[in-house]
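A.B. asks: Got a structure for you, coords38.txt, holding compact mmCIF, C-alpha atoms.
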```txt
# COMPACT_ATOMS: atom_id res chain seq x y z
CA MET F 220 -37.33 -7.84 16.61
CA THR F 221 -36.60 -11.04 14.75
CA PHE F 222 -34.06 -13.59 15.92
CA SER F 223 -31.79 -13.10 12.87
CA ARG F 224 -31.71 -9.32 13.41
CA LEU F 225 -30.89 -9.79 17.10
CA ARG F 226 -28.16 -12.26 16.22
CA ASN F 227 -26.60 -9.78 13.74
CA GLU F 228 -26.67 -6.91 16.25
CA ASN F 229 -24.83 -8.96 18.88
CA ARG F 230 -22.26 -10.35 16.48
CA GLU F 231 -18.74 -9.47 17.56
CA VAL F 232 -17.09 -10.21 14.24
CA SER F 233 -17.91 -8.71 10.86
CA VAL F 234 -17.61 -11.60 8.40
CA GLN F 235 -17.34 -9.18 5.46
CA ASN F 236 -14.40 -7.34 7.04
CA LEU F 237 -12.80 -10.63 8.07
CA VAL F 238 -12.91 -11.83 4.43
CA LEU F 239 -11.58 -8.46 3.19
CA THR F 240 -8.80 -8.62 5.78
CA ILE F 241 -7.72 -12.07 4.62
CA ILE F 242 -7.80 -10.97 0.97
CA PHE F 243 -5.87 -7.73 1.51
CA TRP F 244 -3.26 -9.26 3.84
CA SER F 245 -2.75 -12.04 1.27
CA LEU F 246 -2.26 -9.44 -1.47
CA THR F 247 0.07 -7.43 0.79
CA LEU F 248 2.24 -10.42 1.64
CA ALA F 249 2.29 -11.58 -2.00
CA TRP F 250 3.39 -8.09 -3.08
CA ILE F 251 6.14 -8.01 -0.41
CA LEU F 252 7.36 -11.34 -1.79
CA THR F 253 7.24 -9.90 -5.33
CA ILE F 254 9.36 -6.91 -4.23
CA PHE F 255 11.81 -9.29 -2.55
CA LEU F 256 12.07 -11.42 -5.70
CA LEU F 257 12.54 -8.35 -7.92
CA SER F 258 15.32 -7.22 -5.59
CA ASN F 259 17.15 -10.47 -6.31
CA ILE F 260 17.33 -9.77 -10.05
CA PRO F 261 20.46 -7.83 -11.07
CA THR F 262 19.85 -4.22 -12.14
CA ASP F 263 20.99 -4.79 -15.74
CA GLU F 264 18.49 -7.61 -16.20
CA LEU F 265 15.71 -5.53 -14.63
CA SER F 266 16.48 -2.70 -17.07
CA ASP F 267 16.30 -5.10 -20.01
CA ILE F 268 12.99 -6.52 -18.76
CA ALA F 269 11.53 -3.03 -18.22
CA ASP F 270 12.75 -1.91 -21.66
CA SER F 271 11.18 -4.95 -23.31
CA VAL F 272 7.85 -4.60 -21.46
CA LEU F 273 7.55 -0.87 -22.11
CA SER F 274 8.52 -1.23 -25.75
CA GLN F 275 5.85 -3.91 -26.23
CA ALA F 276 3.24 -1.94 -24.28
CA PHE F 277 3.73 1.25 -26.27
CA HIS F 278 4.46 -0.33 -29.65
CA SER F 279 2.59 1.68 -32.23
CA PRO F 280 3.40 2.97 -35.72
CA ARG F 281 2.73 6.53 -34.47
CA PHE F 282 4.57 6.18 -31.16
CA HIS F 283 8.22 5.30 -30.70
CA LEU F 284 9.65 4.71 -27.25
CA ASP F 285 13.38 5.04 -26.83
CA ILE F 286 14.39 4.11 -23.31
CA GLY F 287 17.92 5.32 -22.91
CA ASP F 288 17.85 6.70 -19.38
CA THR F 289 17.25 3.84 -16.94
CA SER F 290 17.25 6.18 -13.93
CA ILE F 291 13.72 7.33 -14.87
CA ILE F 292 12.58 3.71 -15.07
CA SER F 293 14.27 3.02 -11.74
CA MET F 294 12.57 5.99 -10.08
CA TRP F 295 9.12 5.03 -11.37
CA GLY F 296 9.76 1.37 -10.53
CA HIS F 297 10.52 2.17 -6.90
CA MET F 298 7.56 4.53 -6.60
CA VAL F 299 5.09 2.16 -8.26
CA GLU F 300 6.13 -0.99 -6.39
CA PHE F 301 5.85 0.73 -3.01
CA GLY F 302 2.74 2.64 -4.08
CA VAL F 303 1.01 -0.68 -4.80
CA LEU F 304 2.24 -2.07 -1.47
CA THR F 305 0.80 1.02 0.24
CA ILE F 306 -2.63 0.47 -1.32
CA PHE F 307 -2.74 -3.19 -0.27
CA ALA F 308 -1.40 -2.46 3.23
CA PHE F 309 -3.82 0.43 3.80
CA PHE F 310 -6.85 -1.69 2.98
CA ALA F 311 -5.47 -4.63 5.00
CA ILE F 312 -4.93 -2.46 8.08
CA SER F 313 -8.23 -0.61 7.64
CA SER F 314 -10.27 -3.80 7.27
CA THR F 315 -8.41 -5.43 10.18
CA ASN F 316 -9.50 -2.53 12.38
CA LYS F 317 -13.14 -3.12 11.39
CA ILE F 318 -13.33 -6.88 12.04
CA SER F 319 -14.72 -6.41 15.53
CA VAL F 320 -16.49 -3.33 16.84
CA LYS F 321 -15.40 -4.20 20.39
CA THR F 322 -11.69 -4.32 19.55
CA SER F 323 -11.50 -1.54 16.96
CA TYR F 324 -9.43 1.61 17.39
CA ALA F 325 -12.67 3.50 18.13
CA GLU F 326 -13.01 1.53 21.37
CA SER F 327 -9.42 2.06 22.51
CA PRO F 328 -9.18 4.03 25.78
CA LEU F 329 -6.08 5.87 24.53
CA LYS F 330 -6.67 7.62 21.22
CA ILE F 331 -3.58 9.51 20.11
CA LEU F 332 -4.95 9.90 16.58
CA LYS F 333 -8.31 11.51 16.01
CA SER F 334 -9.97 9.11 13.53
CA ASP F 335 -9.90 5.57 12.16
CA ASN F 336 -8.68 6.89 8.80
CA GLU F 337 -5.73 8.68 10.43
CA MET F 338 -4.90 5.50 12.36
CA SER F 339 -4.92 3.42 9.18
CA ILE F 340 -2.77 5.96 7.33
CA ILE F 341 -0.16 6.22 10.10
CA PHE F 342 0.08 2.43 10.58
CA THR F 343 0.34 1.98 6.81
CA LEU F 344 3.09 4.60 6.67
CA TRP F 345 5.09 2.80 9.36
CA PHE F 346 4.52 -0.64 7.83
CA THR F 347 5.49 0.35 4.29
CA ILE F 348 8.51 2.44 5.28
CA LEU F 349 9.82 -0.47 7.36
CA ASN F 350 9.39 -2.71 4.31
CA ALA F 351 11.26 -0.17 2.17
CA ILE F 352 14.12 -0.06 4.70
CA PHE F 353 14.33 -3.87 4.82
CA ASP F 354 14.24 -4.05 1.01
CA GLU F 355 17.11 -1.58 0.63
CA TYR F 356 19.06 -3.40 3.35
CA HIS F 357 18.45 -6.72 1.57
CA GLN F 358 19.79 -5.20 -1.67
CA LEU F 359 23.14 -4.47 0.01
CA PHE F 360 23.81 -8.22 -0.15
CA ILE F 361 22.66 -8.77 -3.75
CA GLU F 362 25.20 -8.62 -6.55
CA GLY F 363 24.31 -5.95 -9.08
CA HIS F 364 22.27 -3.93 -6.57
CA SER F 365 23.25 -1.24 -4.17
CA GLY F 366 20.60 -0.53 -1.60
CA GLY F 367 20.89 3.13 -0.79
CA PHE F 368 19.34 6.21 0.70
CA ILE F 369 18.30 7.63 -2.70
CA ASP F 370 16.38 4.44 -3.53
CA LEU F 371 14.77 4.55 -0.08
CA CYS F 372 13.68 8.15 -0.78
CA LYS F 373 12.10 7.00 -4.08
CA ASP F 374 10.21 4.30 -2.17
CA ILE F 375 9.02 6.80 0.44
CA ILE F 376 7.86 9.26 -2.26
CA GLY F 377 5.67 6.50 -3.74
CA ILE F 378 4.30 5.67 -0.28
CA VAL F 379 3.52 9.28 0.67
CA VAL F 380 1.93 10.14 -2.70
CA VAL F 381 -0.43 7.17 -2.45
CA LEU F 382 -1.34 7.96 1.17
CA LEU F 383 -2.07 11.58 0.24
CA LEU F 384 -4.29 10.37 -2.62
CA ILE F 385 -6.09 7.99 -0.25
CA ARG F 386 -6.71 10.83 2.21
CA ILE F 387 -7.95 13.18 -0.54
CA ILE F 388 -10.25 10.53 -2.03
CA PHE F 389 -11.58 9.70 1.46
CA SER F 390 -12.33 13.39 2.15
CA ILE F 391 -13.99 13.92 -1.24
CA SER F 392 -16.03 10.73 -0.79
CA LEU F 393 -17.34 11.95 2.57
CA LYS F 394 -18.17 15.38 1.15
CA VAL F 395 -20.03 13.90 -1.86
CA ARG F 396 -22.09 11.68 0.46
CA GLY F 397 -22.79 14.63 2.78
CA LYS F 398 -21.07 13.00 5.74
CA LYS F 399 -18.38 14.13 8.14
CA GLU F 400 -15.44 12.13 9.40
CA ILE F 401 -16.01 10.62 12.82
CA ARG F 402 -13.42 12.28 15.04
CA TYR F 403 -12.57 11.19 18.57
CA SER F 404 -12.15 13.66 21.38
```
Using structure tokens, write down the structure that the file contains.
C.D. replies:
Amino acid sequence: MTFSRLRNENREVSVQNLVLTIIFWSLTLAWILTIFLLSNIPTDELSDIADSVLSQAFHSPRFHLDIGDTSIISMWGHMVEFGVLTIFAFFAISSTNKISVKTSYAESPLKILKSDNEMSIIFTLWFTILNAIFDEYHQLFIEGHSGGFIDLCKDIIGIVVVLLLIRIIFSISLKVRGKKEIRYS
């Protein structure tokens, strides 16, 4: 056995996962800041911005976009912004768990959840729902916004849909590669 191989086997920290963790936590925090800044813009201005962006994006001689109902834009806006946060947070939490083999969830003496993927999904769910609650609470103090339960439900729908997609893609990926999920007893 060569010295470099021995050194890699005894390494406590995965440099690759450490770098991924830094990247994904940076993206997560930047996206939380983006959500916070968007929450500070009055609803009327946000509607005008969304109308302008969508009209430019879909501008075509054969396609005409008439955005009259802003509630649809609002619903998709909430779902997309928290869906993106969910993606970033999931990968941040998942890569954080893999930095060190000795301190990962797999080595925990108390395993309530049965796999690393379940642990990442549950922690992501908690993290993103707490962010949605804080965002709606923050909007109570912003003129032109009214943080409310319906908006929170839109946020949670985006979160849950993305987590379900992550779980489905993870399961399909394992099946295609002929592997099974490592489950703890």
A.B. asks: Taking 5 positions as the minimum chain separation for residues in the same chain, which residues sit within 10 Å of segment 384-387 of chain F when counting all atoms listed in the file? Answer as a VMD selection string.
C.D. replies: chain F and resid 305 to 306 309 336 to 337 340 379 392 to 393
A.B. asks: Which distance in Å separates atom CA of Asp370 of chain F and atom CA of Leu252 of chain F, to one decimal?
C.D. replies: 18.3 Å
A.B. asks: What does the distance between atom CA of Ile376 of chain F and atom CA of Ser334 of chain F come to in Å, to one decimal place?
C.D. replies: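 Computing the Euclidean distance for atom CA of Ile376 of chain F and atom CA of Ser334 of chain F yields 23.8 Å.
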A.B. asks: Would you mind listing what lies within 9 Å of His357 of chain F as a list in words, with all atoms listed in the file counted and same-chain residues fewer than 5 positions away left out?
C.D. replies: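 The filter keeps Phe255, Ser258, Asn259, Ile352 and Gly366 of chain F.
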A.B. asks: Store the residues of this selection in a file with C-alpha atoms, as a CSV table (one decimal), in the coordinates of the input.
C.D. replies:
```
chain,number,residue,atom,x,y,z
F,255,PHE,CA,11.8,-9.3,-2.6
F,258,SER,CA,15.3,-7.2,-5.6
F,259,ASN,CA,17.2,-10.5,-6.3
F,352,ILE,CA,14.1,-0.1,4.7
F,366,GLY,CA,20.6,-0.5,-1.6
```
A.B. asks: Using all atoms listed in the file, which residues sit within 7 Å of segment 297-303 of chain F once same-chain residues fewer than 3 positions away are excluded, as a ChimeraX atom specification?
C.D. replies: /F:293-294,306-307,373-374,376-378,381
A.B. asks: Suppose we keep C-alpha atoms; can you now write the selection as a PDB file, in the coordinates of the input?
C.D. replies:
```
ATOM      1  CA  SER F 293      14.270   3.020 -11.740  1.00  0.00           C
ATOM      2  CA  MET F 294      12.570   5.990 -10.080  1.00  0.00           C
ATOM      3  CA  ILE F 306      -2.630   0.470  -1.320  1.00  0.00           C
ATOM      4  CA  PHE F 307      -2.740  -3.190  -0.270  1.00  0.00           C
ATOM      5  CA  LYS F 373      12.100   7.000  -4.080  1.00  0.00           C
ATOM      6  CA  ASP F 374      10.210   4.300  -2.170  1.00  0.00           C
ATOM      7  CA  ILE F 376       7.860   9.260  -2.260  1.00  0.00           C
ATOM      8  CA  GLY F 377       5.670   6.500  -3.740  1.00  0.00           C
ATOM      9  CA  ILE F 378       4.300   5.670  -0.280  1.00  0.00           C
ATOM     10  CA  VAL F 381      -0.430   7.170  -2.450  1.00  0.00           C
TER      11      VAL F 381
END
```
A.B. asks: Report, in Å to a single decimal, how far apart atom CA of Asn350 of chain F and atom CA of Cys372 of chain F are.
C.D. replies: 12.7 Å
A.B. asks: For Thr315 of chain F, which of F:Leu246, F:Thr240, F:Ile391, F:Gly397 is the closest residue, counting all atoms listed in the file?
C.D. replies: F:Thr240
A.B. asks: I'd like the neighbourhood of segment 316-321 of chain F as a list in words, where a residue qualifies if any of its atoms comes within 6 Å (using all atoms listed in the file), though same-chain residues fewer than 2 positions away should be ignored.
C.D. replies: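 Once the adjacent positions are removed, what remains is Glu231, Val232, Ser233, Asn236, Leu237, Ser313, Ser314 and Ser323 of chain F.
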A.B. asks: Nearest residue to Glu264 of chain F out of F:Ser390, F:His364, F:Glu400, F:Phe346, using all atoms listed in the file?
C.D. replies: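 Under the stated criterion, the closest residue is F:His364.
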